[in-house]
file input.cif (mmCIF, C-alpha atoms)
data_start
#
loop_
_atom_site.label_atom_id
_atom_site.label_comp_id
_atom_site.auth_asym_id
_atom_site.auth_seq_id
_atom_site.Cartn_x
_atom_site.Cartn_y
_atom_site.Cartn_z
CA MET A 1 -9.55 21.76 16.92
CA HIS A 2 -8.31 18.28 16.06
CA ALA A 3 -5.93 17.23 13.28
CA SER A 4 -6.47 13.91 11.53
CA TRP A 5 -3.71 11.31 11.67
CA GLY A 6 -0.76 12.03 9.41
CA THR A 7 -1.43 15.74 8.91
CA SER A 8 -0.27 19.01 10.40
CA VAL A 9 -2.60 21.97 10.82
CA SER A 10 -1.75 25.64 10.71
CA ALA A 11 -2.94 27.46 13.86
CA VAL A 12 -3.58 30.58 11.79
CA THR A 13 -5.53 29.24 8.80
CA ASP A 14 -6.83 25.87 10.06
CA GLU A 15 -5.64 24.45 6.72
CA ILE A 16 -4.01 21.07 6.28
CA GLY A 17 -0.25 21.23 5.89
CA VAL A 18 2.00 24.29 6.08
CA GLY A 19 2.09 27.70 4.43
CA PRO A 20 4.95 29.35 2.50
CA TRP A 21 8.43 28.84 3.93
CA PRO A 22 9.19 31.64 6.42
CA GLY A 23 12.51 33.42 6.01
CA GLU A 24 15.44 32.49 3.82
CA TRP A 25 14.88 29.44 1.64
CA PRO A 26 16.96 26.28 2.18
CA THR A 27 19.48 25.40 -0.52
CA ASP A 28 18.98 21.62 -0.35
CA VAL A 29 18.07 20.43 -3.86
CA ARG A 30 15.35 18.18 -2.43
CA TYR A 31 13.16 21.20 -1.74
CA ASP A 32 10.61 22.27 -4.35
CA PRO A 33 10.69 26.04 -5.08
CA GLU A 34 6.98 26.12 -5.86
CA LEU A 35 6.09 24.47 -2.56
CA LEU A 36 8.45 26.79 -0.66
CA ALA A 37 6.70 29.76 -2.23
CA GLU A 38 3.09 28.61 -1.97
CA GLY A 39 3.06 26.17 0.95
CA ASP A 40 2.73 22.40 1.14
CA ARG A 41 -0.81 21.05 1.62
CA ARG A 42 -0.05 17.46 0.64
CA ASN A 43 -0.79 14.41 2.77
CA VAL A 44 2.84 13.69 3.65
CA VAL A 45 4.67 13.28 6.96
CA ASP A 46 6.44 16.34 8.30
CA ARG A 47 9.94 15.17 7.31
CA TYR A 48 8.90 15.49 3.65
CA ARG A 49 7.33 18.95 3.87
CA TYR A 50 8.39 21.09 0.90
CA TRP A 51 10.29 18.22 -0.72
CA SER A 52 9.68 17.56 -4.42
CA LEU A 53 7.77 14.43 -5.39
CA GLU A 54 10.89 12.99 -7.02
CA ALA A 55 12.97 13.58 -3.88
CA ILE A 56 10.39 11.87 -1.67
CA VAL A 57 10.18 8.80 -3.92
CA ALA A 58 13.98 8.59 -4.11
CA ASP A 59 14.23 8.65 -0.32
CA LEU A 60 11.47 6.04 0.09
CA ASP A 61 13.26 3.82 -2.42
CA THR A 62 16.26 3.61 -0.07
CA ARG A 63 14.07 2.17 2.72
CA ARG A 64 11.33 0.08 1.09
CA HIS A 65 10.46 -3.25 2.70
CA PRO A 66 10.87 -6.43 0.63
CA PHE A 67 7.20 -7.48 0.71
CA HIS A 68 4.83 -6.92 -2.22
CA VAL A 69 1.06 -6.67 -2.35
CA ALA A 70 -1.02 -7.95 -5.26
CA ILE A 71 -4.76 -7.58 -5.77
CA GLU A 72 -6.99 -8.97 -8.48
CA ASN A 73 -8.92 -6.37 -10.45
CA TRP A 74 -11.44 -8.10 -12.67
CA ALA A 75 -14.37 -5.78 -11.88
CA HIS A 76 -12.82 -2.38 -11.11
CA ASP A 77 -12.60 -3.09 -7.37
CA LEU A 78 -13.09 0.05 -5.27
CA ASN A 79 -10.75 -1.31 -2.57
CA ILE A 80 -7.62 -1.04 -4.67
CA GLY A 81 -7.07 2.62 -3.84
CA SER A 82 -7.22 1.79 -0.13
CA VAL A 83 -4.75 -1.06 -0.62
CA VAL A 84 -2.32 1.28 -2.38
CA ARG A 85 -2.61 3.87 0.40
CA THR A 86 -1.92 1.25 3.09
CA ALA A 87 0.98 -0.19 1.10
CA ASN A 88 2.48 3.29 1.00
CA ALA A 89 1.99 3.67 4.77
CA PHE A 90 3.81 0.38 5.44
CA LEU A 91 6.41 1.06 2.70
CA ALA A 92 5.78 -2.01 0.55
CA ALA A 93 8.16 -2.59 -2.31
CA GLU A 94 5.38 -2.57 -4.92
CA VAL A 95 1.66 -3.00 -5.43
CA HIS A 96 0.71 -5.34 -8.27
CA ILE A 97 -2.63 -4.93 -10.04
CA VAL A 98 -3.71 -8.20 -11.67
CA GLY A 99 -6.34 -8.03 -14.40
CA ASN A 100 -7.71 -4.73 -15.66
CA ARG A 101 -5.08 -2.01 -15.91
CA ARG A 102 -7.46 0.77 -14.91
CA TRP A 103 -8.31 0.96 -11.22
CA ASN A 104 -10.22 3.34 -8.97
CA ARG A 105 -7.67 5.77 -7.53
CA ARG A 106 -9.98 7.71 -5.23
CA GLY A 107 -9.14 5.70 -2.11
CA ALA A 108 -5.40 6.06 -2.75
CA MET A 109 -5.52 9.75 -1.73
CA VAL A 110 -2.71 10.50 -4.22
CA THR A 111 -0.35 8.00 -2.53
CA ASP A 112 0.03 6.19 -5.86
CA ARG A 113 2.44 8.99 -6.80
CA TYR A 114 4.81 7.74 -4.10
CA GLN A 115 4.10 4.01 -4.28
CA HIS A 116 5.41 1.84 -7.12
CA VAL A 117 2.46 0.14 -8.87
CA ARG A 118 2.96 -2.61 -11.47
CA HIS A 119 0.33 -4.16 -13.76
CA HIS A 120 0.01 -7.83 -14.74
CA PRO A 121 -2.75 -8.81 -17.20
CA SER A 122 -3.12 -12.27 -15.64
CA ILE A 123 -2.24 -14.39 -12.62
CA ASP A 124 0.17 -16.36 -14.80
CA GLU A 125 2.13 -13.20 -15.54
CA LEU A 126 2.24 -12.25 -11.86
CA LEU A 127 3.55 -15.74 -11.09
CA ALA A 128 6.17 -15.50 -13.82
CA TRP A 129 7.39 -12.21 -12.39
CA ALA A 130 7.45 -13.57 -8.82
CA SER A 131 9.32 -16.69 -9.97
CA SER A 132 11.92 -14.55 -11.75
CA GLN A 133 12.51 -12.72 -8.46
CA GLY A 134 12.47 -15.87 -6.32
CA ILE A 135 9.56 -14.51 -4.27
CA PRO A 136 6.77 -16.80 -2.95
CA VAL A 137 3.13 -15.83 -3.44
CA LEU A 138 0.81 -16.14 -0.43
CA GLY A 139 -2.94 -15.80 -0.86
CA VAL A 140 -5.10 -14.16 1.81
CA ASP A 141 -8.72 -15.36 1.95
CA ASN A 142 -10.96 -17.20 4.44
CA LEU A 143 -11.26 -20.37 2.42
CA PRO A 144 -11.66 -24.00 3.50
CA GLY A 145 -8.20 -25.43 4.03
CA SER A 146 -6.58 -22.04 4.59
CA VAL A 147 -4.21 -21.58 7.53
CA PRO A 148 -4.33 -18.81 10.16
CA LEU A 149 -2.39 -15.66 9.43
CA GLU A 150 -1.85 -15.29 13.17
CA GLY A 151 1.41 -17.01 14.01
CA TYR A 152 2.27 -17.78 10.36
CA PRO A 153 5.99 -17.12 9.66
CA LEU A 154 5.73 -14.69 6.75
CA PRO A 155 8.86 -14.66 4.57
CA ARG A 156 10.73 -11.36 4.45
CA ALA A 157 10.40 -11.30 0.68
CA CYS A 158 6.93 -12.35 -0.40
CA VAL A 159 3.83 -11.35 -2.36
CA LEU A 160 0.59 -11.05 -0.39
CA LEU A 161 -2.17 -11.74 -2.91
CA PHE A 162 -5.79 -10.64 -2.41
CA GLY A 163 -8.93 -11.26 -4.40
CA GLN A 164 -11.50 -8.65 -5.23
CA GLU A 165 -14.36 -7.75 -2.94
CA SER A 166 -17.27 -10.25 -2.59
CA VAL A 167 -15.76 -13.10 -4.61
CA GLY A 168 -12.32 -13.34 -3.03
CA LEU A 169 -9.40 -15.04 -4.72
CA SER A 170 -9.99 -16.49 -8.17
CA ASP A 171 -9.50 -20.23 -8.69
CA GLU A 172 -6.26 -19.49 -10.54
CA ALA A 173 -4.96 -17.41 -7.66
CA ARG A 174 -5.83 -20.07 -5.09
CA ALA A 175 -4.01 -22.73 -7.08
CA ALA A 176 -0.98 -20.50 -7.54
CA ALA A 177 -0.44 -19.57 -3.89
CA VAL A 178 2.14 -21.41 -1.80
CA ASP A 179 -0.32 -21.11 1.08
CA VAL A 180 -3.67 -19.39 1.55
CA LEU A 181 -3.95 -17.55 4.87
CA HIS A 182 -7.08 -16.48 6.68
CA ILE A 183 -7.61 -13.77 9.29
CA ALA A 184 -9.31 -14.91 12.49
CA GLN A 185 -12.90 -13.62 12.82
CA PHE A 186 -15.31 -13.99 15.72
CA GLY A 187 -18.53 -12.24 14.69
CA SER A 188 -21.43 -13.00 12.37
CA THR A 189 -20.09 -11.64 9.08
CA ARG A 190 -18.65 -14.13 6.60
CA SER A 191 -15.77 -11.89 5.58
CA ILE A 192 -14.16 -8.52 6.17
CA ASN A 193 -13.56 -5.79 3.62
CA ALA A 194 -10.73 -6.58 1.21
CA GLY A 195 -9.00 -3.29 1.97
CA ALA A 196 -9.16 -4.01 5.71
CA ALA A 197 -7.86 -7.54 5.19
CA ALA A 198 -4.91 -6.20 3.20
CA ALA A 199 -4.09 -3.72 5.97
CA ILE A 200 -4.15 -6.48 8.62
CA ALA A 201 -1.92 -8.75 6.53
CA MET A 202 0.58 -5.99 5.80
CA HIS A 203 0.76 -5.07 9.46
CA SER A 204 1.35 -8.71 10.31
CA TRP A 205 4.42 -8.56 8.09
CA ILE A 206 5.50 -5.32 9.77
CA ALA A 207 5.10 -6.87 13.23
CA GLN A 208 7.38 -9.75 12.24
CA HIS A 209 10.05 -7.98 10.23
CA ALA A 210 10.15 -4.18 10.53
CA GLY A 211 12.85 -2.85 12.82
#

call {"tool": "encode", "arguments": {"input": "input.cif", "output": "structure tokens"}}
result
Amino acid sequence: MHASWGTSVSAVTDEIGVGPWPGEWPTDVRYDPELLAEGDRRNVVDRYRYWSLEAIVADLDTRRHPFHVAIENWAHDLNIGSVVRTANAFLAAEVHIVGNRRWNRRGAMVTDRYQHVRHHPSIDELLAWASSQGIPVLGVDNLPGSVPLEGYPLPRACVLLFGQESVGLSDEARAAAVDVLHIAQFGSTRSINAGAAAAIAMHSWIAQHAG
């Protein structure tokens, strides 16, 4: 029997997570009575087992990293859910959806409940927000004139901006970015999946700045 990454498995039931709390219940207000009674089958790390959603978000908010992730959503991109899930894993400050407000949540695996997600109808409004916070916007796309992500000194506070699958960054996004970064590739494909590119870029930030 093998457990997937990020889950715990009960030896008795083979179910994901943990069953009802054994013995006397803890009195810590962070614990959710319903979860204590029925068990916690959520996709959360063990330290958050039986905690309420609100308690988990409050704890994450004390430790969030100062980088943001933005992704254009002009055609209901299926990668957005994956980007949100990875942003939660790396504890990004926020994910910014640029374009259509509605996005496909399937790939998020419910992590959008724990990850702050903000909507901007246009690139201009994302830029206005970033400017108000004093945060530079960096595009990620394998475009002519782009610079390698490898070795690039990512600012601690920044917005990593991604285009949607197949078309990449819009012209407006390219023009808005302080720099456009590309990920080194060595095979025959012209590009990698947008969700994978976002994960690589976020981990590059983690490698430079996370303690």

call {"tool": "atom_distance", "arguments": {"input": "input.cif", "atom1": "atom CA of A:Arg113", "atom2": "atom CA of A:Val57"}}
result
8.3 Å

call {"tool": "resolve_selection", "arguments": {"input": "input.cif", "expression": "the PyMOL selection byres ((chain A and resi 139) around 7)", "output": "NGL selection string"}}
result
:A and (137-138 or 140-141 or 160-162 or 174 or 177 or 179-181)

call {"tool": "closest_residue", "arguments": {"input": "input.cif", "among": "A:Gly168, A:Pro33, A:Gly17, A:Gly151", "to": "A:Ala201", "atoms": "all atoms listed in the file"}}
result
A:Gly151

call {"tool": "closest_residue", "arguments": {"input": "input.cif", "among": "A:Ile200, A:Val69, A:Ala75, A:Ile135", "to": "A:Val167", "atoms": "all atoms listed in the file"}}
result
A:Ala75

call {"tool": "residues_around", "arguments": {"input": "input.cif", "residues": "A:Arg102", "least_positions_apart": "6", "cutoff": "12 Å", "atoms": "all atoms listed in the file", "output": "ChimeraX atom specification"}}
result
/A:72-78,80-81,117-121

call {"tool": "atom_distance", "arguments": {"input": "input.cif", "atom1": "atom CA of A:Arg190", "atom2": "atom CA of A:Ala92"}}
result
27.9 Å

call {"tool": "closest_residue", "arguments": {"input": "input.cif", "among": "A:Pro155, A:Ala199, A:Glu15, A:Ala173", "to": "A:Ser82", "atoms": "only C-alpha atoms"}}
result
A:Ala199

call {"tool": "decode", "arguments": {"input": "input.cif", "residues": "stretch 161-180 of chain A", "atoms": "N, CA and C atoms", "output": "mmCIF file, in the first residue's frame"}}
result
data_model
loop_
_atom_site.group_PDB
_atom_site.id
_atom_site.type_symbol
_atom_site.label_atom_id
_atom_site.label_comp_id
_atom_site.auth_asym_id
_atom_site.auth_seq_id
_atom_site.Cartn_x
_atom_site.Cartn_y
_atom_site.Cartn_z
ATOM 1 N N LEU A 161 4.068 36.621 -13.792
ATOM 2 C CA LEU A 161 2.906 36.693 -14.682
ATOM 3 C C LEU A 161 3.027 35.673 -15.811
ATOM 4 N N PHE A 162 1.965 34.879 -15.999
ATOM 5 C CA PHE A 162 1.944 33.833 -17.016
ATOM 6 C C PHE A 162 0.783 34.054 -17.980
ATOM 7 N N GLY A 163 1.014 33.687 -19.223
ATOM 8 C CA GLY A 163 -0.052 33.722 -20.211
ATOM 9 C C GLY A 163 -0.825 32.415 -20.200
ATOM 10 N N GLN A 164 -1.879 32.372 -20.970
ATOM 11 C CA GLN A 164 -2.673 31.148 -21.025
ATOM 12 C C GLN A 164 -2.023 30.134 -21.958
ATOM 13 N N GLU A 165 -2.450 28.900 -21.824
ATOM 14 C CA GLU A 165 -1.882 27.815 -22.614
ATOM 15 C C GLU A 165 -1.995 28.112 -24.112
ATOM 16 N N SER A 166 -1.020 27.706 -24.866
ATOM 17 C CA SER A 166 -0.927 27.757 -26.333
ATOM 18 C C SER A 166 -0.517 29.128 -26.874
ATOM 19 N N VAL A 167 -1.083 30.203 -26.338
ATOM 20 C CA VAL A 167 -0.760 31.519 -26.899
ATOM 21 C C VAL A 167 0.254 32.290 -26.068
ATOM 22 N N GLY A 168 0.457 31.891 -24.829
ATOM 23 C CA GLY A 168 1.425 32.573 -23.977
ATOM 24 C C GLY A 168 0.957 33.947 -23.540
ATOM 25 N N LEU A 169 1.902 34.781 -23.177
ATOM 26 C CA LEU A 169 1.572 36.122 -22.700
ATOM 27 C C LEU A 169 0.952 36.962 -23.812
ATOM 28 N N SER A 170 -0.053 37.745 -23.461
ATOM 29 C CA SER A 170 -0.634 38.681 -24.419
ATOM 30 C C SER A 170 0.355 39.802 -24.699
ATOM 31 N N ASP A 171 0.125 40.533 -25.787
ATOM 32 C CA ASP A 171 1.006 41.660 -26.122
ATOM 33 C C ASP A 171 1.031 42.679 -24.990
ATOM 34 N N GLU A 172 -0.123 42.905 -24.371
ATOM 35 C CA GLU A 172 -0.198 43.873 -23.272
ATOM 36 C C GLU A 172 0.645 43.419 -22.084
ATOM 37 N N ALA A 173 0.599 42.119 -21.813
ATOM 38 C CA ALA A 173 1.370 41.592 -20.690
ATOM 39 C C ALA A 173 2.866 41.677 -20.956
ATOM 40 N N ARG A 174 3.266 41.378 -22.186
ATOM 41 C CA ARG A 174 4.683 41.454 -22.533
ATOM 42 C C ARG A 174 5.206 42.880 -22.351
ATOM 43 N N ALA A 175 4.426 43.835 -22.819
ATOM 44 C CA ALA A 175 4.846 45.231 -22.735
ATOM 45 C C ALA A 175 4.898 45.706 -21.289
ATOM 46 N N ALA A 176 4.057 45.126 -20.442
ATOM 47 C CA ALA A 176 3.959 45.591 -19.066
ATOM 48 C C ALA A 176 5.067 45.051 -18.175
ATOM 49 N N ALA A 177 5.629 43.910 -18.521
ATOM 50 C CA ALA A 177 6.589 43.241 -17.647
ATOM 51 C C ALA A 177 7.923 43.982 -17.587
ATOM 52 N N VAL A 178 8.501 44.047 -16.406
ATOM 53 C CA VAL A 178 9.839 44.612 -16.239
ATOM 54 C C VAL A 178 10.838 43.801 -17.041
ATOM 55 N N ASP A 179 10.725 42.479 -16.950
ATOM 56 C CA ASP A 179 11.514 41.545 -17.749
ATOM 57 C C ASP A 179 10.609 40.368 -18.094
ATOM 58 N N VAL A 180 10.921 39.697 -19.201
ATOM 59 C CA VAL A 180 10.264 38.437 -19.529
ATOM 60 C C VAL A 180 11.321 37.347 -19.411
#
